file final-v3.txt (compact mmCIF, C-alpha atoms and all ligand atoms)
# COMPACT_ATOMS: atom_id res chain seq x y z
CA MET A 125 11.06 39.36 -5.80
CA THR A 126 11.35 41.05 -2.42
CA LEU A 127 9.02 40.30 0.47
CA THR A 128 8.57 43.30 2.75
CA ASP A 129 8.06 42.93 6.52
CA GLU A 130 4.47 44.05 6.12
CA GLU A 131 3.80 41.49 3.37
CA LEU A 132 5.37 38.73 5.48
CA ARG A 133 3.17 39.75 8.41
CA LEU A 134 -0.01 39.75 6.30
CA ILE A 135 0.74 36.35 4.78
CA SER A 136 1.78 34.89 8.15
CA ASP A 137 -1.41 36.14 9.83
CA LEU A 138 -3.54 34.66 7.07
CA VAL A 139 -1.76 31.30 7.19
CA ARG A 140 -1.98 31.15 11.01
CA ALA A 141 -5.68 31.99 10.93
CA LYS A 142 -6.52 29.46 8.26
CA CYS A 143 -4.40 26.45 9.19
CA GLY A 144 -2.55 27.19 12.42
CA ILE A 145 0.89 27.10 10.81
CA ASN A 146 3.10 29.53 12.66
CA LEU A 147 5.37 31.30 10.18
CA THR A 148 7.89 33.13 12.32
CA ALA A 149 10.10 35.88 10.90
CA GLN A 150 12.85 33.31 10.34
CA LYS A 151 10.62 31.65 7.76
CA ARG A 152 11.00 34.56 5.33
CA ASN A 153 13.10 32.52 2.91
CA LEU A 154 10.64 29.65 3.06
CA VAL A 155 7.73 31.96 2.18
CA ILE A 156 9.66 33.46 -0.73
CA ALA A 157 10.81 30.08 -2.05
CA ARG A 158 7.40 28.44 -1.83
CA LEU A 159 5.26 31.29 -3.12
CA GLN A 160 7.46 32.70 -5.85
CA GLN A 161 6.18 30.18 -8.38
CA GLU A 162 2.57 31.14 -7.58
CA LEU A 163 3.43 34.79 -8.11
CA ARG A 164 5.12 34.08 -11.41
CA ALA A 165 2.39 31.76 -12.68
CA GLY A 166 -0.32 34.31 -11.81
CA GLY A 167 1.65 37.29 -13.13
CA PHE A 168 1.53 39.16 -9.80
CA GLY A 169 3.82 42.18 -9.44
CA SER A 170 4.28 41.86 -5.68
CA PHE A 171 3.46 39.64 -2.68
CA ARG A 172 0.90 42.24 -1.65
CA GLU A 173 -0.92 41.91 -4.96
CA TYR A 174 -0.90 38.13 -4.60
CA TYR A 175 -2.16 38.37 -0.99
CA GLU A 176 -5.08 40.61 -2.04
CA TYR A 177 -5.97 38.13 -4.78
CA VAL A 178 -6.01 35.21 -2.33
CA LEU A 179 -8.26 37.15 0.04
CA GLN A 180 -10.70 38.10 -2.69
CA ASP A 181 -10.83 34.83 -4.63
CA PRO A 182 -14.49 33.80 -4.21
CA THR A 183 -13.80 30.15 -5.09
CA GLY A 184 -11.35 29.71 -2.19
CA ARG A 185 -9.01 27.84 -4.55
CA ALA A 186 -6.22 30.40 -4.26
CA LEU A 187 -6.24 29.93 -0.48
CA LEU A 188 -6.09 26.14 -0.87
CA ARG A 189 -3.07 26.51 -3.16
CA LEU A 190 -1.41 28.89 -0.71
CA VAL A 191 -1.87 26.39 2.14
CA ASP A 192 -0.64 23.59 -0.14
CA ARG A 193 2.51 25.54 -0.92
CA ILE A 194 3.23 26.57 2.66
CA SER A 195 2.61 23.23 4.38
CA THR A 196 5.56 20.90 4.68
CA ASN A 197 4.46 17.49 3.46
CA HIS A 198 7.73 15.68 4.02
CA THR A 199 7.13 12.11 5.17
CA PHE A 200 8.29 8.56 4.52
CA PHE A 201 7.26 4.97 5.08
CA PHE A 202 8.01 3.53 8.52
CA ARG A 203 9.08 6.91 9.88
CA GLU A 204 9.97 6.66 13.58
CA LYS A 205 9.73 2.89 13.40
CA GLU A 206 9.97 2.52 17.21
CA HIS A 207 6.44 3.94 17.30
CA LEU A 208 5.17 1.28 14.95
CA ASP A 209 6.90 -1.42 17.01
CA PHE A 210 5.35 -0.07 20.21
CA PHE A 211 1.98 0.12 18.49
CA LYS A 212 2.25 -3.49 17.35
CA ASN A 213 3.77 -5.04 20.47
CA THR A 214 2.06 -3.08 23.25
CA VAL A 215 -0.88 -1.05 22.00
CA LEU A 216 -2.57 -3.51 19.64
CA PRO A 217 -2.63 -6.46 22.09
CA GLN A 218 -4.16 -4.15 24.69
CA ILE A 219 -6.78 -2.76 22.30
CA CYS A 220 -7.71 -6.30 21.22
CA ARG A 221 -8.09 -7.44 24.81
CA THR A 222 -10.30 -4.49 25.68
CA ILE A 223 -12.59 -4.73 22.69
CA THR A 224 -12.89 -8.50 22.93
CA GLN A 225 -13.89 -8.17 26.61
CA LYS A 226 -16.58 -5.73 25.56
CA GLY A 227 -17.70 -8.03 22.74
CA GLY A 228 -16.76 -5.41 20.11
CA ARG A 229 -15.00 -5.73 16.73
CA GLU A 230 -14.15 -2.16 15.75
CA ILE A 231 -10.59 -0.83 15.82
CA ARG A 232 -10.18 2.78 14.82
CA VAL A 233 -6.90 4.56 14.20
CA TRP A 234 -6.43 8.13 12.99
CA SER A 235 -3.46 9.45 11.09
CA ALA A 236 -3.94 13.19 11.63
CA GLY A 237 -1.71 15.07 9.18
CA CYS A 238 -1.10 12.06 6.94
CA ALA A 239 0.60 14.02 4.11
CA SER A 240 1.00 11.78 1.01
CA GLY A 241 -0.13 8.59 2.74
CA GLU A 242 3.08 6.89 3.84
CA GLU A 243 2.11 7.00 7.53
CA PRO A 244 -1.41 5.52 7.24
CA TYR A 245 -0.25 2.86 4.77
CA SER A 246 2.60 1.93 7.15
CA LEU A 247 -0.02 1.58 9.90
CA ALA A 248 -2.20 -0.50 7.60
CA MET A 249 0.72 -2.86 6.91
CA VAL A 250 1.43 -3.23 10.63
CA LEU A 251 -2.25 -3.89 11.39
CA SER A 252 -2.64 -6.36 8.54
CA ASP A 253 0.52 -8.19 9.56
CA TYR A 254 -0.52 -8.26 13.21
CA PHE A 255 -3.95 -9.71 12.55
CA GLY A 256 -3.11 -11.96 9.61
CA ASP A 257 -6.15 -14.11 8.77
CA ASP A 258 -7.89 -12.80 11.91
CA LEU A 259 -8.30 -9.43 10.19
CA ARG A 260 -11.70 -10.52 8.93
CA ASN A 261 -12.89 -11.04 12.52
CA PHE A 262 -12.30 -7.38 13.27
CA ASP A 263 -13.54 -4.20 11.67
CA VAL A 264 -10.30 -2.27 11.25
CA GLY A 265 -10.35 1.26 9.90
CA ILE A 266 -7.71 3.93 9.56
CA LEU A 267 -8.87 7.48 8.99
CA ALA A 268 -6.16 9.54 7.31
CA THR A 269 -6.63 13.31 7.10
CA ASP A 270 -4.65 16.30 5.94
CA ILE A 271 -5.23 19.89 4.94
CA SER A 272 -3.21 19.64 1.73
CA VAL A 273 -5.24 18.71 -1.34
CA THR A 274 -2.16 17.82 -3.38
CA ALA A 275 -0.76 15.56 -0.66
CA LEU A 276 -4.13 13.82 -0.32
CA GLU A 277 -4.37 13.22 -4.07
CA LYS A 278 -1.07 11.41 -4.00
CA ALA A 279 -2.11 9.50 -0.88
CA LYS A 280 -5.37 8.33 -2.46
CA ALA A 281 -3.57 7.23 -5.63
CA GLY A 282 -1.29 5.04 -3.50
CA ILE A 283 1.48 4.94 -6.11
CA TYR A 284 5.08 5.47 -5.06
CA SER A 285 8.49 5.49 -6.73
CA LYS A 286 11.17 2.89 -6.04
CA GLU A 287 13.03 5.46 -3.91
CA GLU A 288 9.94 6.25 -1.87
CA ILE A 289 9.42 2.65 -0.83
CA VAL A 290 13.03 1.84 0.10
CA ARG A 291 12.17 1.83 3.82
CA VAL A 292 9.33 -0.64 3.40
CA PRO A 293 10.62 -3.98 4.71
CA PRO A 294 11.11 -6.40 1.75
CA LEU A 295 8.51 -8.85 3.04
CA TYR A 296 5.92 -6.09 3.31
CA ARG A 297 6.83 -4.79 -0.15
CA GLN A 298 6.18 -8.20 -1.56
CA ARG A 299 2.90 -8.59 0.30
CA TYR A 300 1.40 -5.15 0.07
CA PHE A 301 2.66 -3.57 -3.18
CA VAL A 302 2.30 -4.39 -6.86
CA PRO A 303 5.07 -3.35 -9.30
CA LEU A 304 3.86 -1.22 -12.18
CA THR A 305 5.35 -1.30 -15.69
CA ASP A 306 6.86 2.21 -15.26
CA GLY A 307 9.01 1.15 -12.30
CA ARG A 308 6.70 2.56 -9.63
CA TRP A 309 4.81 0.56 -7.02
CA ALA A 310 1.10 0.57 -6.19
CA VAL A 311 -0.37 -0.20 -2.78
CA ARG A 312 -2.49 -3.35 -3.04
CA GLU A 313 -6.24 -2.97 -2.98
CA GLU A 314 -6.63 -5.03 0.23
CA LEU A 315 -4.46 -2.54 2.08
CA ARG A 316 -6.05 0.53 0.50
CA GLN A 317 -9.40 -0.67 1.72
CA LEU A 318 -8.27 -0.23 5.31
CA VAL A 319 -7.60 3.48 4.83
CA LEU A 320 -10.10 6.29 4.33
CA PHE A 321 -8.61 9.62 3.20
CA ARG A 322 -10.39 12.88 3.96
CA ARG A 323 -9.48 16.57 3.93
CA LEU A 324 -9.67 17.99 7.43
CA ASN A 325 -8.30 21.16 8.96
CA LEU A 326 -7.03 20.21 12.41
CA ILE A 327 -7.53 23.69 13.81
CA ARG A 328 -11.29 23.71 13.37
CA SER A 329 -13.03 23.89 16.70
CA ASP A 330 -14.66 20.48 16.47
CA TYR A 331 -14.46 17.40 14.26
CA PRO A 332 -17.26 15.65 12.39
CA PHE A 333 -16.66 12.23 13.98
CA LYS A 334 -19.30 10.05 15.58
CA GLY A 335 -16.95 7.63 17.29
CA ARG A 336 -13.64 7.73 19.08
CA PHE A 337 -10.22 6.37 18.14
CA HIS A 338 -8.12 3.76 19.89
CA ALA A 339 -4.96 5.47 18.68
CA ILE A 340 -4.21 8.83 17.11
CA PHE A 341 -0.97 9.44 15.24
CA CYS A 342 -0.30 13.16 14.89
CA ARG A 343 3.39 13.18 14.20
CA ASN A 344 5.46 16.09 12.94
CA VAL A 345 2.41 18.32 12.58
CA MET A 346 2.05 20.17 15.90
CA ILE A 347 5.61 21.38 15.54
CA TYR A 348 4.29 23.92 13.03
CA PHE A 349 1.65 25.28 15.43
CA ASP A 350 2.01 27.82 18.23
CA PRO A 351 1.60 26.63 21.87
CA LEU A 352 -2.02 27.79 22.16
CA THR A 353 -3.07 25.95 19.01
CA GLN A 354 -1.20 22.87 20.24
CA ARG A 355 -3.03 22.94 23.59
CA ALA A 356 -6.42 23.23 21.92
CA LEU A 357 -5.55 20.35 19.61
CA LEU A 358 -4.49 18.15 22.53
CA GLN A 359 -7.87 18.83 24.14
CA ARG A 360 -9.75 17.87 20.98
CA PHE A 361 -7.64 14.73 20.53
CA HIS A 362 -8.48 13.79 24.12
CA LYS A 363 -12.19 14.12 23.38
CA TYR A 364 -11.90 11.83 20.35
CA THR A 365 -9.80 9.11 21.99
CA GLU A 366 -11.27 5.98 23.54
CA PRO A 367 -10.68 5.59 27.28
CA GLY A 368 -7.16 4.17 27.62
CA GLY A 369 -6.39 5.09 24.00
CA TYR A 370 -3.06 6.41 22.75
CA LEU A 371 -1.61 9.52 21.16
CA PHE A 372 1.63 9.34 19.15
CA VAL A 373 3.45 12.60 18.40
CA GLY A 374 6.72 13.23 16.55
CA HIS A 375 10.02 12.57 18.30
CA ALA A 376 10.88 16.27 18.22
CA GLU A 377 7.55 17.23 19.80
CA ALA A 378 6.80 17.46 23.49
CA ILE A 379 3.26 17.72 24.72
CA ASP A 380 2.06 20.03 27.44
CA ARG A 381 1.37 17.67 30.33
CA SER A 382 0.16 20.46 32.59
CA LEU A 383 -3.21 19.96 30.89
CA GLY A 384 -3.47 16.69 32.82
CA LEU A 385 -5.05 14.97 29.83
CA TRP A 386 -2.23 12.73 28.66
CA ARG A 387 0.06 10.40 30.57
CA PHE A 388 3.57 9.72 29.26
CA VAL A 389 4.08 6.02 28.48
CA ASN A 390 7.03 5.90 26.11
CA PRO A 391 9.07 8.53 24.22
CA SER A 392 6.50 10.60 22.26
CA VAL A 393 3.70 8.17 23.15
CA TYR A 394 0.93 9.22 25.55
CA GLN A 395 -2.15 7.56 26.98
CA LYS A 396 -5.45 9.27 27.59
CA VAL A 397 -6.08 10.19 31.20
CA CYS A 398 -9.74 9.52 31.85
CA GLY A 399 -12.02 11.75 33.84
CA LEU A 400 -14.65 10.43 36.20
CA GLY A 401 -17.40 8.55 34.46
CA GLU A 402 -15.42 7.60 31.33
C1 LIG A 501 5.63 17.00 7.93
S1 LIG A 501 4.06 16.32 7.47
C2 LIG A 501 3.94 14.95 8.58
C3 LIG A 501 3.41 13.70 7.89
C4 LIG A 501 3.38 12.45 8.78
N1 LIG A 501 2.50 12.62 9.90
C5 LIG A 501 4.75 12.08 9.23
O1 LIG A 501 5.07 12.20 10.42
O2 LIG A 501 5.56 11.67 8.39
C6 LIG A 501 2.95 17.52 8.18
C7 LIG A 501 1.55 17.46 7.58
O3 LIG A 501 0.66 18.24 8.38
C8 LIG A 501 -0.28 18.84 7.51
N2 LIG A 501 -0.92 19.99 8.17
C9 LIG A 501 -0.39 21.19 8.49
N3 LIG A 501 -1.31 21.99 9.03
C10 LIG A 501 -2.46 21.27 9.07
C11 LIG A 501 -3.79 21.55 9.53
N4 LIG A 501 -4.12 22.73 10.06
N5 LIG A 501 -4.72 20.57 9.41
C12 LIG A 501 -4.41 19.38 8.87
N6 LIG A 501 -3.18 19.05 8.41
C13 LIG A 501 -2.22 19.99 8.52
C14 LIG A 501 0.56 19.24 6.30
O4 LIG A 501 -0.24 19.45 5.15
C15 LIG A 501 1.51 18.05 6.18
O5 LIG A 501 1.04 17.10 5.26
call {"tool": "encode", "arguments": {"input": "final-v3.txt", "output": "C-alpha cells", "more": "lines below"}}
Ligand SMILES: C[S@@+](CC[C@H](N)C(=O)[O-])C[C@H]1O[C@@H](n2cnc3c(N)ncnc32)[C@H](O)[C@@H]1O
result
Amino acid sequence: MTLTDEELRLISDLVRAKCGINLTAQKRNLVIARLQQELRAGGFGSFREYYEYVLQDPTGRALLRLVDRISTNHTFFFREKEHLDFFKNTVLPQICRTITQKGGREIRVWSAGCASGEEPYSLAMVLSDYFGDDLRNFDVGILATDISVTALEKAKAGIYSKEEIVRVPPLYRQRYFVPLTDGRWAVREELRQLVLFRRLNLIRSDYPFKGRFHAIFCRNVMIYFDPLTQRALLQRFHKYTEPGGYLFVGHAEAIDRSLGLWRFVNPSVYQKVCGLGE
C-alpha cells in the first residue's frame, strides 16, 4: 500500500505529539513496514482511513497499538556493559556512602524506556551481586517504565528464550534464572521483586513520583526525540535525581550540556549539577 506525503506527515505529527518520537521523512519505509499489518488486520483501504480511525477511537486502544508498532523496543541483557561496570564500581559505592552517612536505607534507580525488561533486570542482577547478603539491610528499588504496553507485558512476565539470555554471564544465569521445561528461562522471584514495572510516557510535562532517584538509565530512547523534547526531558530528569545522582544515556547519544544541569563524568554518564540550596 502506498503512503502519500500527506499521510506520512499526519501520522508523524500524531506520533510526535503523543510520544515524542520524531519520524523524519527518511522513516517512510519504517512507517509502511510497521503499520501495514495494522491496516490489513483492520481492513483499512488507505493510511488516511487508518489515521482517521486512530484519531476517532474513543477507547484510545488504536493509539496505543500505533505507538506500540512505531516504537523500537530493541534491547538486550547487559547492553553497554561498561555502564554497568561503572555503576557497580564507582556509582554504587558512592551512593552507599552517602546514604549511610545520612542514616538512610533507600536506593532508587530508574530504567526510563525499559522496553522488554532486559535493562532493569540487568541492573537488578548487578545490585543483587554488589550487595550480596547485605541487600536486606537496604531498601533497593528499580522503577522500570516504558510507553509500550506489549514490551511491558513481556518485561513483567520475565521469561526469555535461550538466545535472549546469551549475554547474561553464566554465574548470573545460574543465580538469577530458572530453566523452564520449554527451553526458556524465567527470572527468579527474588530478582523480580526488586523491579516495579509501570507504563509512563516520558514526554508528559511532569512525573507522578514522590521521591528522587540515585541513578537514571535512559539509554537509546532520547535518540528518537527531537532536540527540544530531549532538552525538556533532561530538565525533568534533573528534577527527579538526588543531589550528586547520575544519568546514563546511550553511547550514541550526546546530551546538551549548555543547559548546565549535567556534568560529564564518563562516556555517556553524567552527574547532576546541583543548584544552591540542594
Ligand atoms: C530501543 S529501546 C531501549 C531499551 C533500553 N533502554 C536499552 O537501552 O536497551 C527504546 C524504548 O523507548 C521507549 N519509548 C519511546 N518513546 C517513549 C516515550 N515517549 N515514553 C516512554 N518510553 C518511550 C520504546 O517503547 C522502547 O521500548
call {"tool": "atom_distance", "arguments": {"input": "final-v3.txt", "atom1": "CA of Arg328 (chain A)", "atom2": "CA of Phe349 (chain A)"}}
result
13.2 Å
call {"tool": "residues_near_ligand", "arguments": {"input": "final-v3.txt", "ligand": "ligand LIG 501 (chain A)", "cutoff": "7 Å", "atoms": "all atoms listed in the file", "output": "number ranges by chain"}}
result
A: 143-145, 192, 195-200, 203, 235-240, 243, 269-272, 275, 324-327, 342-345, 374
call {"tool": "atom_distance", "arguments": {"input": "final-v3.txt", "atom1": "CA of Glu204 (chain A)", "atom2": "CA of Arg152 (chain A)"}}
result
29.1 Å
call {"tool": "atom_distance", "arguments": {"input": "final-v3.txt", "atom1": "CA of Leu216 (chain A)", "atom2": "CA of Val250 (chain A)"}}
result
9.9 Å
call {"tool": "closest_residue", "arguments": {"input": "final-v3.txt", "among": "A:Asp330, A:Gln225, A:Leu208, A:His375", "to": "Ala356 (chain A)", "atoms": "all atoms listed in the file"}}
result
A:Asp330
call {"tool": "closest_residue", "arguments": {"input": "final-v3.txt", "among": "A:Glu176, A:Glu242, A:Asp253, A:Asp263", "to": "Gly282 (chain A)", "atoms": "all atoms listed in the file"}}
result
A:Glu242
call {"tool": "residues_around", "arguments": {"input": "final-v3.txt", "residues": "Leu315 (chain A)", "least_positions_apart": "6", "cutoff": "8 Å", "atoms": "only C-alpha atoms", "output": "count of residues only"}}
result
5
call {"tool": "closest_residue", "arguments": {"input": "final-v3.txt", "among": "A:Asn153, A:Gln359, A:Ala186, A:Ala279", "to": "Gly166 (chain A)", "atoms": "all atoms listed in the file"}}
result
A:Ala186
call {"tool": "residues_around", "arguments": {"input": "final-v3.txt", "residues": "Ala165 (chain A)", "least_positions_apart": "5", "cutoff": "12 Å", "atoms": "only C-alpha atoms", "output": "JSON, numbers by chain"}}
result
{"A": [159, 160, 174]}
call {"tool": "residues_around", "arguments": {"input": "final-v3.txt", "residues": "Trp386 (chain A)", "least_positions_apart": "6", "cutoff": "9 Å", "atoms": "only C-alpha atoms", "output": "mmCIF file with C-alpha atoms, keeping the file's coordinate frame"}}
result
data_model
loop_
_atom_site.group_PDB
_atom_site.id
_atom_site.type_symbol
_atom_site.label_atom_id
_atom_site.label_comp_id
_atom_site.auth_asym_id
_atom_site.auth_seq_id
_atom_site.Cartn_x
_atom_site.Cartn_y
_atom_site.Cartn_z
ATOM 1 C CA LEU A 358 -4.490 18.150 22.530
ATOM 2 C CA HIS A 362 -8.480 13.790 24.120
ATOM 3 C CA TYR A 370 -3.060 6.410 22.750
ATOM 4 C CA LEU A 371 -1.610 9.520 21.160
ATOM 5 C CA ILE A 379 3.260 17.720 24.720
ATOM 6 C CA ASP A 380 2.060 20.030 27.440
ATOM 7 C CA TYR A 394 0.930 9.220 25.550
ATOM 8 C CA GLN A 395 -2.150 7.560 26.980
ATOM 9 C CA LYS A 396 -5.450 9.270 27.590
ATOM 10 C CA VAL A 397 -6.080 10.190 31.200
ATOM 11 C CA CYS A 398 -9.740 9.520 31.850
#
call {"tool": "residues_around", "arguments": {"input": "final-v3.txt", "residues": "Arg189 (chain A)", "least_positions_apart": "2", "cutoff": "9 Å", "atoms": "all atoms listed in the file", "output": "list in words"}}
result
Glu162, Gly184, Arg185, Ala186, Leu187, Val191, Asp192, Arg193, Ile194, Ser272, Val273 and Thr274 of chain A
call {"tool": "write_last_selection", "arguments": {"input": "final-v3.txt", "atoms": "C-alpha atoms", "output": "PDB file, keeping the file's coordinate frame"}}
result
ATOM      1  CA  GLU A 162       2.570  31.140  -7.580  1.00  0.00           C
ATOM      2  CA  GLY A 184     -11.350  29.710  -2.190  1.00  0.00           C
ATOM      3  CA  ARG A 185      -9.010  27.840  -4.550  1.00  0.00           C
ATOM      4  CA  ALA A 186      -6.220  30.400  -4.260  1.00  0.00           C
ATOM      5  CA  LEU A 187      -6.240  29.930  -0.480  1.00  0.00           C
ATOM      6  CA  VAL A 191      -1.870  26.390   2.140  1.00  0.00           C
ATOM      7  CA  ASP A 192      -0.640  23.590  -0.140  1.00  0.00           C
ATOM      8  CA  ARG A 193       2.510  25.540  -0.920  1.00  0.00           C
ATOM      9  CA  ILE A 194       3.230  26.570   2.660  1.00  0.00           C
ATOM     10  CA  SER A 272      -3.210  19.640   1.730  1.00  0.00           C
ATOM     11  CA  VAL A 273      -5.240  18.710  -1.340  1.00  0.00           C
ATOM     12  CA  THR A 274      -2.160  17.820  -3.380  1.00  0.00           C
TER      13      THR A 274
END
call {"tool": "residues_around", "arguments": {"input": "final-v3.txt", "residues": "Phe211 (chain A)", "least_positions_apart": "5", "cutoff": "10 Å", "atoms": "only C-alpha atoms", "output": "PyMOL selection string"}}
result
chain A and resi 205-206+216-219+247+250-251+339+370+372+393
call {"tool": "closest_residue", "arguments": {"input": "final-v3.txt", "among": "A:Tyr254, A:Tyr175, A:Gly241, A:Gln298", "to": "Asp209 (chain A)", "atoms": "all atoms listed in the file"}}
result
A:Tyr254
call {"tool": "closest_residue", "arguments": {"input": "final-v3.txt", "among": "A:Arg232, A:Arg158, A:Val373, A:Arg336", "to": "Leu357 (chain A)", "atoms": "all atoms listed in the file"}}
result
A:Val373
call {"tool": "build_atoms", "arguments": {"input": "final-v3.txt", "residues": "region 348-367 of chain A", "atoms": "N, CA, C and O atoms", "output": "tab-separated table (two decimals), in the frame of the given file"}}
result
chain	number	residue	atom	x	y	z
A	348	TYR	N	4.51	22.71	13.83
A	348	TYR	CA	4.29	23.92	13.03
A	348	TYR	C	3.30	24.89	13.68
A	348	TYR	O	3.07	25.97	13.17
A	349	PHE	N	2.68	24.46	14.80
A	349	PHE	CA	1.65	25.28	15.43
A	349	PHE	C	2.20	26.02	16.65
A	349	PHE	O	3.16	25.56	17.28
A	350	ASP	N	1.55	27.12	17.02
A	350	ASP	CA	2.01	27.82	18.23
A	350	ASP	C	1.44	27.09	19.47
A	350	ASP	O	0.54	26.26	19.35
A	351	PRO	N	1.99	27.39	20.68
A	351	PRO	CA	1.60	26.63	21.87
A	351	PRO	C	0.10	26.63	22.15
A	351	PRO	O	-0.45	25.61	22.56
A	352	LEU	N	-0.56	27.74	21.89
A	352	LEU	CA	-2.02	27.79	22.16
A	352	LEU	C	-2.79	26.84	21.25
A	352	LEU	O	-3.69	26.12	21.69
A	353	THR	N	-2.41	26.84	19.98
A	353	THR	CA	-3.07	25.95	19.01
A	353	THR	C	-2.79	24.51	19.39
A	353	THR	O	-3.66	23.64	19.30
A	354	GLN	N	-1.56	24.23	19.84
A	354	GLN	CA	-1.20	22.87	20.24
A	354	GLN	C	-2.07	22.41	21.42
A	354	GLN	O	-2.58	21.30	21.43
A	355	ARG	N	-2.23	23.30	22.40
A	355	ARG	CA	-3.03	22.94	23.59
A	355	ARG	C	-4.47	22.61	23.21
A	355	ARG	O	-5.04	21.62	23.65
A	356	ALA	N	-5.03	23.45	22.33
A	356	ALA	CA	-6.42	23.23	21.92
A	356	ALA	C	-6.54	21.90	21.17
A	356	ALA	O	-7.51	21.16	21.34
A	357	LEU	N	-5.54	21.60	20.38
A	357	LEU	CA	-5.55	20.35	19.61
A	357	LEU	C	-5.47	19.15	20.55
A	357	LEU	O	-6.20	18.16	20.38
A	358	LEU	N	-4.63	19.26	21.57
A	358	LEU	CA	-4.49	18.15	22.53
A	358	LEU	C	-5.80	17.91	23.27
A	358	LEU	O	-6.13	16.77	23.61
A	359	GLN	N	-6.55	18.98	23.48
A	359	GLN	CA	-7.87	18.83	24.14
A	359	GLN	C	-8.86	18.13	23.22
A	359	GLN	O	-9.61	17.25	23.63
A	360	ARG	N	-8.82	18.52	21.93
A	360	ARG	CA	-9.75	17.87	20.98
A	360	ARG	C	-9.37	16.40	20.79
A	360	ARG	O	-10.23	15.53	20.73
A	361	PHE	N	-8.07	16.13	20.69
A	361	PHE	CA	-7.64	14.73	20.53
A	361	PHE	C	-8.14	13.90	21.72
A	361	PHE	O	-8.56	12.77	21.57
A	362	HIS	N	-8.05	14.49	22.91
A	362	HIS	CA	-8.48	13.79	24.12
A	362	HIS	C	-9.96	13.42	23.99
A	362	HIS	O	-10.36	12.28	24.27
A	363	LYS	N	-10.75	14.35	23.52
A	363	LYS	CA	-12.19	14.12	23.38
A	363	LYS	C	-12.47	12.96	22.41
A	363	LYS	O	-13.41	12.20	22.61
A	364	TYR	N	-11.63	12.85	21.38
A	364	TYR	CA	-11.90	11.83	20.35
A	364	TYR	C	-11.08	10.56	20.53
A	364	TYR	O	-10.91	9.80	19.58
A	365	THR	N	-10.55	10.35	21.72
A	365	THR	CA	-9.80	9.11	21.99
A	365	THR	C	-10.60	8.24	22.93
A	365	THR	O	-11.21	8.73	23.89
A	366	GLU	N	-10.60	6.95	22.66
A	366	GLU	CA	-11.27	5.98	23.54
A	366	GLU	C	-10.60	6.02	24.91
A	366	GLU	O	-9.39	6.29	25.01
A	367	PRO	N	-11.33	5.70	25.97
A	367	PRO	CA	-10.68	5.59	27.28
A	367	PRO	C	-9.49	4.63	27.17
A	367	PRO	O	-9.63	3.55	26.58
